[in-house]
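Heads up, structure-v7.txt below (compact mmCIF, C-alpha atoms and all ligand atoms):
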```
# COMPACT_ATOMS: atom_id res chain seq x y z
CA MET P 1 14.51 -26.87 -17.34
CA ALA P 2 11.13 -28.06 -18.60
CA ALA P 3 9.40 -26.31 -15.73
CA GLY P 4 5.82 -25.24 -16.15
CA VAL P 5 4.37 -21.77 -16.00
CA GLU P 6 4.94 -19.76 -12.85
CA LEU P 7 2.40 -17.15 -11.84
CA GLY P 8 3.09 -13.87 -10.06
CA PHE P 9 0.67 -12.17 -7.68
CA ALA P 10 0.78 -8.70 -6.16
CA ALA P 11 0.93 -8.67 -2.36
CA ALA P 12 0.83 -5.64 -0.10
CA ALA P 13 4.37 -4.84 1.01
CA ALA P 14 3.26 -4.02 4.53
CA GLY P 15 4.36 -5.13 7.98
CA PRO P 16 7.64 -4.74 9.81
CA GLY P 17 10.50 -5.23 7.44
CA GLY P 18 8.19 -4.96 4.47
CA ALA P 19 10.11 -2.09 2.93
CA TRP P 20 13.41 -3.75 3.72
CA ARG P 21 12.38 -6.93 1.92
CA LEU P 22 11.92 -4.94 -1.26
CA ARG P 23 15.43 -3.44 -1.23
CA SER P 24 18.26 -4.65 -3.43
CA ALA P 25 19.96 -6.77 -0.76
CA CYS P 26 16.93 -9.10 -0.66
CA PHE P 27 16.76 -9.64 -4.44
CA PRO P 28 13.07 -8.81 -4.61
CA SER P 29 10.44 -9.29 -7.29
CA LYS P 30 8.19 -6.29 -7.00
CA VAL P 31 5.85 -3.81 -8.64
CA GLY P 32 6.18 -0.04 -8.37
CA GLY P 33 8.09 2.23 -6.05
CA ARG P 34 11.72 2.73 -7.10
CA PRO P 35 13.76 0.03 -8.82
CA ALA P 36 15.78 -2.18 -6.48
CA TRP P 37 18.80 -2.27 -8.77
CA LEU P 38 20.78 -5.49 -8.86
CA GLY P 39 24.22 -4.74 -10.29
CA GLU P 40 25.66 -1.26 -9.93
CA ALA P 41 27.50 -1.18 -13.25
CA GLY P 42 25.98 0.12 -16.46
CA LEU P 43 22.56 1.18 -15.20
CA PRO P 44 20.26 2.46 -17.96
CA GLY P 45 20.58 6.23 -18.08
CA PRO P 46 17.91 8.90 -18.62
CA ALA P 47 18.10 8.57 -22.41
CA ALA P 48 17.45 4.81 -22.34
CA LEU P 49 14.49 5.27 -20.00
CA ARG P 50 12.73 7.90 -22.09
CA CYS P 51 9.34 7.03 -23.56
CA GLY P 52 9.62 6.24 -27.26
CA ARG P 53 6.48 8.27 -27.93
CA CYS P 54 6.42 11.39 -25.69
CA GLN P 55 10.10 11.44 -24.62
CA GLN P 56 9.18 11.85 -20.95
CA PRO P 57 10.96 9.65 -18.39
CA CYS P 58 9.36 6.22 -17.93
CA ALA P 59 8.41 5.10 -14.43
CA PHE P 60 9.59 1.84 -12.92
CA LEU P 61 6.79 -0.70 -13.46
CA LEU P 62 8.14 -3.96 -12.06
CA GLN P 63 11.10 -6.25 -11.64
CA LEU P 64 11.37 -10.03 -11.52
CA TYR P 65 14.19 -11.89 -9.84
CA ALA P 66 14.83 -14.72 -12.29
CA PRO P 67 18.23 -16.38 -11.77
CA LEU P 68 19.30 -19.20 -14.09
CA PRO P 69 20.43 -22.11 -11.91
CA ASP P 70 22.61 -23.67 -14.59
CA ARG P 71 24.49 -20.44 -15.29
CA PRO P 72 27.17 -19.33 -12.81
CA ASP P 73 27.26 -15.90 -14.46
CA ALA P 74 23.53 -15.49 -13.74
CA PHE P 75 23.49 -16.67 -10.14
CA HIS P 76 21.63 -13.42 -9.56
CA ARG P 77 19.51 -12.17 -12.42
CA THR P 78 16.76 -9.56 -12.51
CA LEU P 79 14.51 -8.26 -15.28
CA PHE P 80 13.26 -4.68 -15.09
CA VAL P 81 10.31 -3.11 -16.92
CA PHE P 82 9.65 0.62 -17.19
CA ALA P 83 6.46 2.26 -18.45
CA CYS P 84 5.45 5.77 -19.47
CA ARG P 85 2.81 7.45 -17.32
CA GLY P 86 1.16 9.14 -20.30
CA ALA P 87 -2.09 7.41 -21.25
CA ALA P 88 -1.99 8.67 -24.85
CA CYS P 89 1.30 6.83 -25.43
CA TYR P 90 -0.55 3.46 -25.19
CA ARG P 91 -2.83 3.98 -28.20
CA LEU P 92 -0.76 1.87 -30.57
CA PRO P 93 0.09 -1.82 -30.12
CA GLY P 94 3.47 -3.33 -30.93
CA PRO P 95 7.06 -2.95 -29.82
CA ARG P 96 8.65 -0.61 -27.30
CA GLY P 97 6.82 2.74 -27.50
CA PRO P 98 5.92 3.63 -23.91
CA LEU P 99 7.65 0.53 -22.50
CA CYS P 100 11.17 -0.78 -22.09
CA ALA P 101 12.79 -3.79 -20.44
CA PHE P 102 16.29 -4.46 -19.14
CA ARG P 103 18.17 -7.51 -17.91
CA ASN P 104 21.01 -7.59 -15.41
CA GLN P 105 22.94 -10.45 -13.84
CA LEU P 106 25.78 -11.15 -11.42
CA PRO P 107 27.80 -14.21 -10.44
CA ARG P 108 27.57 -15.46 -6.88
CA ARG P 109 30.88 -13.84 -6.00
CA ASN P 110 30.61 -10.17 -6.84
CA ASP P 111 31.56 -6.78 -5.43
CA THR P 112 28.08 -5.81 -4.28
CA TYR P 113 26.46 -8.69 -2.39
CA PRO P 114 27.64 -11.37 0.04
CA ALA P 115 27.85 -14.89 -1.36
CA GLU P 116 25.46 -16.10 1.34
CA PRO P 117 21.68 -15.65 0.97
CA PRO P 118 20.16 -12.58 2.66
CA PRO P 119 18.82 -13.00 6.23
CA GLU P 120 15.11 -13.72 6.72
CA GLU P 121 14.73 -10.85 9.18
CA PRO P 122 15.97 -7.31 8.64
CA PRO P 123 19.22 -6.47 10.42
CA PRO P 124 18.54 -4.23 13.46
CA GLY P 125 17.96 -0.63 12.47
CA LEU P 126 17.31 -1.43 8.85
CA ALA P 127 13.63 -2.31 9.11
CA ALA P 128 12.56 1.10 7.86
CA ALA P 129 15.45 1.61 5.46
CA ALA P 130 14.79 4.69 3.33
CA PRO P 131 15.21 4.44 -0.43
CA PRO P 132 18.89 4.88 -1.28
CA LEU P 133 20.11 8.26 -2.52
CA ARG P 134 23.10 6.76 -4.24
CA LEU P 135 24.73 3.49 -5.20
CA ARG P 136 27.64 2.13 -3.21
CA SER P 137 29.82 3.14 -6.09
CA GLY P 138 28.84 6.73 -5.33
CA ALA P 139 26.68 7.31 -8.41
CA ALA P 140 23.72 9.49 -7.44
CA LEU P 141 20.13 8.34 -7.97
CA CYS P 142 17.24 10.62 -8.89
CA ARG P 143 15.31 11.59 -5.77
CA VAL P 144 12.00 11.14 -7.58
CA CYS P 145 12.31 7.96 -9.65
CA GLY P 146 15.39 6.19 -8.24
CA CYS P 147 17.12 5.92 -11.63
CA LEU P 148 20.52 7.42 -12.41
CA GLY P 149 20.60 11.11 -11.54
CA PRO P 150 23.42 12.86 -13.36
CA ARG P 151 21.84 16.31 -12.82
CA VAL P 152 22.16 18.13 -9.47
CA CYS P 153 20.20 20.96 -7.91
CA GLY P 154 21.96 24.22 -8.75
CA SER P 155 21.50 25.67 -5.23
CA CYS P 156 22.53 22.87 -2.89
CA ARG P 157 24.52 20.86 -5.44
CA ARG P 158 23.41 17.73 -3.55
CA ALA P 159 19.94 16.73 -4.66
CA ALA P 160 20.25 14.62 -7.82
CA TYR P 161 17.79 14.10 -10.66
CA CYS P 162 17.48 12.18 -13.89
CA GLY P 163 16.35 15.33 -15.68
CA PRO P 164 14.50 18.63 -15.47
CA GLN P 165 11.05 17.02 -15.14
CA HIS P 166 11.88 15.36 -11.84
CA GLN P 167 13.86 18.30 -10.56
CA ALA P 168 10.78 20.47 -11.04
CA LEU P 169 8.52 17.85 -9.46
CA ASP P 170 10.72 17.55 -6.37
CA TRP P 171 11.02 21.32 -6.05
CA ARG P 172 7.23 21.63 -5.99
CA ARG P 173 6.94 18.79 -3.54
CA GLY P 174 9.16 20.35 -0.91
CA HIS P 175 12.77 20.56 -2.01
CA ARG P 176 12.26 24.33 -2.28
CA ARG P 177 11.96 24.34 1.53
CA SER P 178 14.59 21.73 2.41
CA CYS P 179 17.17 22.77 -0.19
CA GLY P 180 20.47 23.57 1.50
CA LYS P 181 19.08 23.00 5.01
CA HIS P 182 21.31 20.20 6.15
CA ALA P 183 24.68 19.91 7.78
CA ALA P 184 27.45 18.69 5.52
CA GLY P 185 27.40 14.94 5.19
CA ASP P 186 23.92 14.64 6.71
CA ASP P 187 21.16 13.73 4.30
CA SER P 188 18.49 13.20 6.95
CA ALA P 189 17.00 16.72 6.72
CA ASP P 190 16.41 16.08 3.06
CA ALA P 191 15.38 12.43 3.16
CA ILE P 192 13.53 11.12 0.12
CA PRO P 193 9.80 10.71 0.65
CA GLU P 194 8.86 7.07 0.25
CA HIS P 195 6.27 7.86 -2.37
CA ASN P 196 5.39 10.49 -4.94
CA GLU P 197 2.85 10.81 -7.73
CA PHE P 198 5.33 9.71 -10.40
CA LEU P 199 5.88 6.29 -8.84
CA PHE P 200 3.48 3.40 -9.25
CA PRO P 201 2.19 1.93 -5.96
CA GLU P 202 4.58 -0.64 -4.52
CA TYR P 203 3.78 -4.35 -4.07
CA GLU P 204 5.79 -7.46 -3.53
CA ILE P 205 5.37 -10.09 -6.26
CA LEU P 206 4.80 -13.58 -4.93
CA ILE P 207 5.52 -16.45 -7.32
CA GLU P 208 3.63 -19.74 -7.40
CA PRO P 209 3.58 -22.54 -9.95
CA GLU P 210 0.47 -22.70 -12.08
CA GLU P 211 -1.58 -25.79 -11.26
CA PRO P 212 -0.54 -28.18 -14.01
CA GLU P 213 -3.93 -29.86 -14.27
CA PHE P 214 -5.17 -27.37 -16.86
CA PRO P 215 -6.88 -29.75 -19.28
CA ALA P 216 -7.12 -29.15 -22.97
CA ASP P 217 -10.81 -30.07 -23.05
CA SER P 218 -12.03 -27.78 -20.28
CA SER P 219 -13.33 -25.36 -22.84
CA VAL P 220 -16.65 -27.17 -23.21
CA ASP P 221 -18.63 -26.08 -20.17
CA PRO P 222 -17.97 -22.40 -19.63
CA GLY P 223 -17.75 -21.80 -23.36
CA ASP P 224 -21.18 -23.23 -24.01
CA GLU P 225 -22.76 -21.29 -21.20
CA GLN P 226 -21.29 -18.07 -22.47
CA GLY P 227 -22.37 -18.90 -25.97
CA ALA P 228 -25.91 -19.57 -24.81
CA VAL P 229 -26.09 -16.22 -23.06
CA ASP P 230 -24.74 -14.42 -26.07
CA THR P 231 -27.11 -15.90 -28.62
CA SER P 232 -30.13 -15.23 -26.40
CA LYS P 233 -29.13 -11.58 -26.50
CA ASP P 234 -28.60 -11.45 -30.22
CA PRO P 235 -32.15 -11.34 -31.62
CA LYS P 236 -33.02 -8.37 -29.45
CA GLU P 237 -29.94 -6.46 -30.50
CA GLN P 238 -30.54 -7.23 -34.11
CA GLY P 239 -34.10 -6.05 -33.75
CA GLU P 240 -32.91 -2.79 -32.28
CA LEU P 241 -30.41 -2.33 -35.05
CA GLY P 242 -33.01 -3.08 -37.69
CA ALA P 243 -35.36 -0.55 -36.15
CA THR P 244 -32.84 2.25 -36.46
CA GLY P 245 -32.96 1.92 -40.23
CA SER P 246 -29.57 3.24 -41.25
CA ALA P 247 -27.67 0.47 -39.50
CA GLY P 248 -29.90 -2.11 -41.13
CA GLU P 249 -29.21 -0.73 -44.56
CA ALA P 250 -25.51 -0.76 -43.92
CA PHE P 251 -25.71 -4.46 -43.15
CA GLN P 252 -27.67 -5.19 -46.28
CA SER P 253 -25.16 -3.47 -48.51
CA LEU P 254 -22.43 -5.89 -47.51
CA ASP P 255 -22.16 -8.88 -49.80
CA GLU P 256 -22.42 -12.37 -48.47
CA GLU P 257 -18.72 -13.10 -48.88
CA THR P 258 -17.70 -10.11 -46.77
CA LEU P 259 -20.22 -11.03 -44.09
CA GLU P 260 -18.92 -14.59 -44.07
CA ALA P 261 -15.37 -13.32 -43.65
CA MET P 262 -16.39 -10.95 -40.86
CA ALA P 263 -18.26 -13.64 -39.01
CA LYS P 264 -15.34 -16.03 -39.32
CA HIS P 265 -12.92 -13.40 -38.08
CA GLU P 266 -15.11 -12.62 -35.09
CA THR P 267 -15.49 -16.27 -34.25
CA GLU P 268 -11.74 -16.79 -34.38
CA GLU P 269 -11.26 -13.66 -32.33
CA ASP P 270 -13.78 -14.88 -29.75
CA LYS P 271 -11.97 -18.19 -29.60
CA VAL P 272 -8.62 -16.63 -28.76
CA PHE P 273 -10.09 -14.35 -26.11
CA GLN P 274 -12.17 -17.20 -24.73
CA MET P 275 -9.06 -19.36 -24.37
CA PHE P 276 -7.30 -16.50 -22.63
CA LYS P 277 -10.15 -16.08 -20.17
CA GLU P 278 -10.37 -19.79 -19.45
CA ARG P 279 -6.68 -20.11 -18.85
CA VAL P 280 -6.72 -17.20 -16.42
CA ALA P 281 -9.98 -18.18 -14.71
CA ALA P 282 -8.35 -20.60 -12.23
CA GLU P 283 -6.15 -17.79 -10.87
CA PRO P 284 -7.85 -14.57 -11.89
CA GLU P 285 -5.52 -12.39 -9.81
CA GLN P 286 -2.37 -13.34 -11.68
CA ILE P 287 -0.32 -10.37 -12.85
CA ILE P 288 2.64 -12.31 -14.27
CA ARG P 289 3.05 -15.52 -16.28
CA TYR P 290 6.66 -16.67 -16.35
CA CYS P 291 8.06 -19.50 -18.44
CA ARG P 292 11.47 -18.79 -19.93
CA GLY P 293 11.83 -20.49 -23.28
CA GLY P 294 8.95 -22.83 -22.46
CA GLU P 295 5.29 -22.56 -23.17
CA GLY P 296 4.73 -19.24 -24.94
CA PRO P 297 2.49 -16.38 -23.91
CA ILE P 298 -1.27 -16.54 -23.97
CA TRP P 299 -2.70 -13.86 -26.26
CA VAL P 300 -5.77 -11.77 -25.66
CA SER P 301 -6.51 -11.38 -29.35
CA ARG P 302 -5.61 -12.71 -32.78
CA GLU P 303 -4.48 -9.25 -33.77
CA ASN P 304 -0.95 -7.99 -33.25
CA ILE P 305 0.66 -11.27 -32.36
CA PRO P 306 4.30 -10.71 -33.30
CA ASP P 307 5.89 -12.90 -35.96
CA GLU P 308 9.35 -14.25 -35.39
CA LYS P 309 10.67 -11.48 -37.65
CA ASP P 310 9.06 -8.85 -35.41
CA ILE P 311 11.25 -9.88 -32.49
CA PRO P 312 14.75 -8.53 -33.08
CA ASN P 313 17.80 -10.55 -32.16
CA CYS P 314 19.81 -9.59 -29.10
CA SER P 315 22.75 -7.25 -29.67
CA CYS P 316 24.99 -10.35 -29.26
CA GLY P 317 23.34 -11.89 -32.34
CA ALA P 318 21.36 -14.59 -30.54
CA LYS P 319 17.62 -14.98 -30.95
CA ARG P 320 15.30 -13.70 -28.27
CA ILE P 321 12.91 -16.11 -26.57
CA PHE P 322 9.74 -15.60 -24.57
CA GLU P 323 10.46 -15.15 -20.89
CA PHE P 324 7.35 -13.69 -19.24
CA GLN P 325 4.18 -11.73 -19.81
CA ILE P 326 2.46 -9.06 -17.77
CA MET P 327 -1.26 -9.52 -17.44
CA PRO P 328 -3.99 -6.88 -17.64
CA GLN P 329 -4.82 -7.60 -13.99
CA LEU P 330 -1.77 -5.56 -13.00
CA LEU P 331 -3.62 -2.45 -14.14
CA ASN P 332 -6.03 -2.88 -11.23
CA HIS P 333 -3.15 -2.33 -8.82
CA LEU P 334 -1.63 0.70 -10.48
CA GLN P 335 -4.28 3.33 -9.73
CA VAL P 336 -4.20 4.48 -13.34
CA ASP P 337 -7.94 4.55 -13.90
CA SER P 338 -9.24 7.92 -14.85
CA LEU P 339 -12.40 9.19 -16.47
CA GLY P 340 -10.62 9.86 -19.71
CA GLU P 341 -7.98 7.77 -21.40
CA SER P 342 -5.78 5.69 -19.09
CA ILE P 343 -2.70 3.53 -19.32
CA ASP P 344 -3.91 0.28 -20.83
CA TRP P 345 -2.86 -3.03 -22.34
CA GLY P 346 -4.16 -6.51 -23.04
CA THR P 347 -0.83 -8.11 -22.28
CA LEU P 348 2.85 -7.10 -22.31
CA VAL P 349 5.24 -9.79 -23.46
CA VAL P 350 8.96 -9.74 -22.66
CA TYR P 351 11.48 -11.59 -24.84
CA THR P 352 15.08 -11.99 -23.70
CA CYS P 353 18.36 -13.20 -25.16
CA ALA P 354 18.30 -16.99 -25.63
CA ASP P 355 22.02 -17.13 -24.81
CA ASN P 356 21.58 -14.87 -21.80
CA CYS P 357 24.67 -12.95 -22.84
CA GLY P 358 26.28 -10.31 -20.65
CA GLU P 359 29.95 -9.65 -20.26
CA GLY P 360 30.73 -6.94 -17.74
CA ASN P 361 27.45 -7.25 -15.86
CA GLU P 362 25.93 -4.13 -17.38
CA TYR P 363 22.20 -3.67 -17.94
CA LEU P 364 21.12 -4.89 -21.36
CA GLU P 365 17.95 -3.79 -23.08
CA GLU P 366 15.55 -6.58 -23.98
CA PHE P 367 12.38 -6.58 -26.06
CA ILE P 368 8.83 -5.92 -24.98
CA TRP P 369 5.67 -6.24 -27.07
CA LYS P 370 2.29 -4.76 -26.24
CA GLN P 371 -0.88 -6.45 -27.36
CA ASP P 372 -4.26 -4.77 -26.88
CA PHE P 373 -7.69 -6.25 -26.43
CA SER P 374 -9.50 -6.24 -29.73
CA ALA P 375 -12.38 -3.81 -29.95
CA GLY P 376 -14.96 -6.57 -29.70
CA SER P 377 -13.73 -8.26 -26.52
CA ILE P 378 -14.10 -7.38 -22.82
ZN ZN P 401 5.05 8.56 -23.19
ZN ZN P 402 13.93 10.82 -12.13
ZN ZN P 403 18.73 21.83 -3.70
ZN ZN P 404 22.45 -11.66 -26.14
```

Kindly transcribe the structure held in the file into structure tokens.
Ligand SMILES: [Zn+2]
Ligand SMILES: [Zn+2]
Ligand SMILES: [Zn+2]
Ligand SMILES: [Zn+2]
Amino acid sequence: MAAGVELGFAAAAAGPGGAWRLRSACFPSKVGGRPAWLGEAGLPGPAALRCGRCQQPCAFLLQLYAPLPDRPDAFHRTLFVFACRGAACYRLPGPRGPLCAFRNQLPRRNDTYPAEPPPEEPPPGLAAAAPPLRLRSGAALCRVCGCLGPRVCGSCRRAAYCGPQHQALDWRRGHRRSCGKHAAGDDSADAIPEHNEFLFPEYEILIEPEEPEFPADSSVDPGDEQGAVDTSKDPKEQGELGATGSAGEAFQSLDEETLEAMAKHETEEDKVFQMFKERVAAEPEQIIRYCRGGEGPIWVSRENIPDEKDIPNCSCGAKRIFEFQIMPQLLNHLQVDSLGESIDWGTLVVYTCADNCGEGNEYLEEFIWKQDFSAGSI
């Protein structure tokens, strides 16, 4: 189990069978779209998926298929992360807030999936499988976000939603025209559109091991070059600052001790961010770093690194351990850039139960920590 770090990359989910490969029966790892639920018991409901800051429903961000080979009860195992779409909810670092994570697992023999691995090619007729409207158990899924939909449209009593926000969104988007216009037992007239503005764009996540050759002493070359560039810039900037007068005075009024402390802090800060950049440089497109219980996360800053006491134990009483981190590169795929404030993070770190508990195969909430870039970096 002393495996190294595995990296995840976003790949376009195109081509014949692309959509099918991202459905539950294929146990996908993916970004965006609707969640491909694993187990059908104990899905997180609308209350559990509400943003801790604005109380709006969180959107499905990504899922990782991460079975534990030595655990028969986790023959199938998937981690799910949800994220609020409101940019303002990302202002503060730390736990939960606009993010939440869940874990679900099933033994090889279960009521939902065959014991044999899924076929490589989609079964005939399933290549363009539409997102499911309900689970096999009959529980309805929200037409907009694909999470549990306990609320139904008052007119047709068929269309299901997680809450009033998504009911209103779907009504605007066309349910007002299609509502009630289908024969009994026929959902085709009211099929769910593949995409809507609430969902993040959908990608498959491809996993590859990180090249193990990362040497501890590789920091010399690129670091020095960067340093050289930076110092060459400094005198000019200082000159400009001095010329503005007020800034120069502000600097002078700081005593030597404070300046020393500030300089030291900045150097340490640079060091952490520099290490982050170097580690990522070999595979700059990585969106995921996975290493359950092994090498810990790489931090973008010295600030807001959680202490052990900041990471709560699992509800079973066991400690939580690092399992994976989501990299800032994922933001490039999410189309969340806007002129104003946008959804943002330095890294998101997911910690899961060290014992991997889970009687009854329900979805269990795990712990996610958001770290931001420090003001000085980037
Ligand atoms: Zn929010
Ligand atoms: Zn919904
Ligand atoms: Zn309706
Ligand atoms: Zn536990």

Using Å and a single decimal, report how far CA of Arg320 in chain P sits from CA of Gly293 in chain P.
9.1 Å

Distance table requested - chain P against ligand ZN 403 (chain P), cut-off 6 Å, all atoms listed in the file: one row per qualifying residue with the closest atom pair and its distance in Å to one decimal, ordered by chain and rising residue number, as a tab-separated table.
```
residue	atom	partner	partner_atom	distance
P:Cys153	CA	P:ZN403	ZN	4.5
P:Ser155	CA	P:ZN403	ZN	5.0
P:Cys156	CA	P:ZN403	ZN	4.0
P:Ala159	CA	P:ZN403	ZN	5.3
P:Cys179	CA	P:ZN403	ZN	4.0
P:Gly180	CA	P:ZN403	ZN	5.8
```

For C-alpha atoms, I'd like the residues from the last selection saved as a tab-separated table (two decimals), in the coordinates of the input.
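The resulting again27.tsv:
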```tsv
chain	number	residue	atom	x	y	z
P	153	CYS	CA	20.20	20.96	-7.91
P	155	SER	CA	21.50	25.67	-5.23
P	156	CYS	CA	22.53	22.87	-2.89
P	159	ALA	CA	19.94	16.73	-4.66
P	179	CYS	CA	17.17	22.77	-0.19
P	180	GLY	CA	20.47	23.57	1.50
```

Write as a PyMOL selection string the residues around ligand ZN 402 (chain P), taking 7 Å as the cut-off and counting all atoms listed in the file.
chain P and resi 142-147+149+161-163+166

Please identify the residues whose atoms come within 8 Å of ligand ZN 404 (chain P), using only C-alpha atoms and all ligand atoms, and report them as a list of chain:residue names.
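Selection of residues at most 8 Å from ligand ZN 404 (chain P): P:Asn313, P:Cys314, P:Ser315, P:Cys316, P:Gly317, P:Ala318, P:Lys319, P:Arg320, P:Thr352, P:Cys353, P:Ala354, P:Asp355, P:Asn356, P:Cys357, P:Gly358.
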
All residues having an atom within 9 Å of ligand ZN 401 (chain P) (only C-alpha atoms and all ligand atoms) as a ChimeraX atom specification:
/P:50-58,83-90,97-99

Sort by chain and increasing residue number a table of all residues of range 97-173 of chain P within 12 Å of range 26-38 of chain P, each with its closest pair of atoms and their distance in Å to one decimal, counting only C-alpha atoms, and write it as CSV.
```
residue,atom,partner,partner_atom,distance
P:Phe102,CA,P:Trp37,CA,10.9
P:Arg103,CA,P:Leu38,CA,9.6
P:Asn104,CA,P:Leu38,CA,6.9
P:Gln105,CA,P:Leu38,CA,7.4
P:Leu106,CA,P:Leu38,CA,8.0
P:Pro107,CA,P:Leu38,CA,11.3
P:Asn110,CA,P:Leu38,CA,11.1
P:Asp111,CA,P:Leu38,CA,11.4
P:Thr112,CA,P:Leu38,CA,8.6
P:Tyr113,CA,P:Leu38,CA,9.2
P:Pro114,CA,P:Cys26,CA,11.0
P:Glu116,CA,P:Cys26,CA,11.2
P:Pro117,CA,P:Cys26,CA,8.3
P:Pro118,CA,P:Cys26,CA,5.8
P:Pro119,CA,P:Cys26,CA,8.1
P:Glu120,CA,P:Cys26,CA,8.9
P:Glu121,CA,P:Cys26,CA,10.2
P:Pro122,CA,P:Cys26,CA,9.5
P:Pro123,CA,P:Cys26,CA,11.6
P:Ala130,CA,P:Arg34,CA,11.0
P:Pro131,CA,P:Arg34,CA,7.7
P:Pro132,CA,P:Ala36,CA,9.3
P:Leu133,CA,P:Arg34,CA,11.0
P:Arg134,CA,P:Trp37,CA,11.0
P:Leu135,CA,P:Trp37,CA,9.0
P:Arg136,CA,P:Trp37,CA,11.3
P:Leu141,CA,P:Arg34,CA,10.1
P:Cys142,CA,P:Arg34,CA,9.8
P:Arg143,CA,P:Arg34,CA,9.7
P:Val144,CA,P:Arg34,CA,8.4
P:Cys145,CA,P:Arg34,CA,5.8
P:Gly146,CA,P:Arg34,CA,5.2
P:Cys147,CA,P:Pro35,CA,7.3
P:Leu148,CA,P:Trp37,CA,10.5
```

I'd like the interatomic distance between CA of Phe200 in chain P and CA of Leu331 in chain P, to a tenth of an Å.
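Interatomic distance here is 10.4 Å.
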
To one decimal place in Å, what is the distance between CA of Leu7 in chain P and CA of Glu283 in chain P?
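Between CA of Leu7 in chain P and CA of Glu283 in chain P the gap is 8.6 Å.
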
At a cut-off of 8 Å, using all atoms listed in the file, what residues contact range 299-308 of chain P? Leave out same-chain residues fewer than 2 positions from it and give the result as an NGL selection string.
:P and (93-94 or 268-269 or 272-273 or 276 or 297 or 310-311 or 346-347 or 369 or 371-374)

Could you write those residues out with C-alpha atoms, as a PDB file, keeping the file's coordinate frame?
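In the end it all went to selection-v2.pdb:
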```pdb
ATOM      1  CA  PRO P  93       0.090  -1.820 -30.120  1.00  0.00           C
ATOM      2  CA  GLY P  94       3.470  -3.330 -30.930  1.00  0.00           C
ATOM      3  CA  GLU P 268     -11.740 -16.790 -34.380  1.00  0.00           C
ATOM      4  CA  GLU P 269     -11.260 -13.660 -32.330  1.00  0.00           C
ATOM      5  CA  VAL P 272      -8.620 -16.630 -28.760  1.00  0.00           C
ATOM      6  CA  PHE P 273     -10.090 -14.350 -26.110  1.00  0.00           C
ATOM      7  CA  PHE P 276      -7.300 -16.500 -22.630  1.00  0.00           C
ATOM      8  CA  PRO P 297       2.490 -16.380 -23.910  1.00  0.00           C
ATOM      9  CA  ASP P 310       9.060  -8.850 -35.410  1.00  0.00           C
ATOM     10  CA  ILE P 311      11.250  -9.880 -32.490  1.00  0.00           C
ATOM     11  CA  GLY P 346      -4.160  -6.510 -23.040  1.00  0.00           C
ATOM     12  CA  THR P 347      -0.830  -8.110 -22.280  1.00  0.00           C
ATOM     13  CA  TRP P 369       5.670  -6.240 -27.070  1.00  0.00           C
ATOM     14  CA  GLN P 371      -0.880  -6.450 -27.360  1.00  0.00           C
ATOM     15  CA  ASP P 372      -4.260  -4.770 -26.880  1.00  0.00           C
ATOM     16  CA  PHE P 373      -7.690  -6.250 -26.430  1.00  0.00           C
ATOM     17  CA  SER P 374      -9.500  -6.240 -29.730  1.00  0.00           C
TER      18      SER P 374
END
```

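Using all atoms listed in the file for every distance, the candidate list P:Pro69, P:Ile192, P:Glu359, P:Arg91 yields P:Arg91 as the residue closest to Ser342 in chain P.
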
Kindly provide, as AutoDock Vina command-line options, the centre and edge lengths (Å, one decimal) of an axis-aligned box around all atoms of range 331-345 of chain P given in the file, with 5 Å on each side.
```
--center_x -7.0 --center_y 3.4 --center_z -15.6 --size_x 20.8 --size_y 22.9 --size_z 23.5
```

Spatial neighbours of Glu6 in chain P, 7 Å, all atoms listed in the file, chain gap at least 6 places, as an MDAnalysis selection string
chainID P and resid 207:210 289:291

How would the residues just picked look written out with C-alpha atoms as a compact mmCIF listing (two decimals), keeping the file's coordinate frame?
```
# COMPACT_ATOMS: atom_id res chain seq x y z
CA ILE P 207 5.52 -16.45 -7.32
CA GLU P 208 3.63 -19.74 -7.40
CA PRO P 209 3.58 -22.54 -9.95
CA GLU P 210 0.47 -22.70 -12.08
CA ARG P 289 3.05 -15.52 -16.28
CA TYR P 290 6.66 -16.67 -16.35
CA CYS P 291 8.06 -19.50 -18.44
```
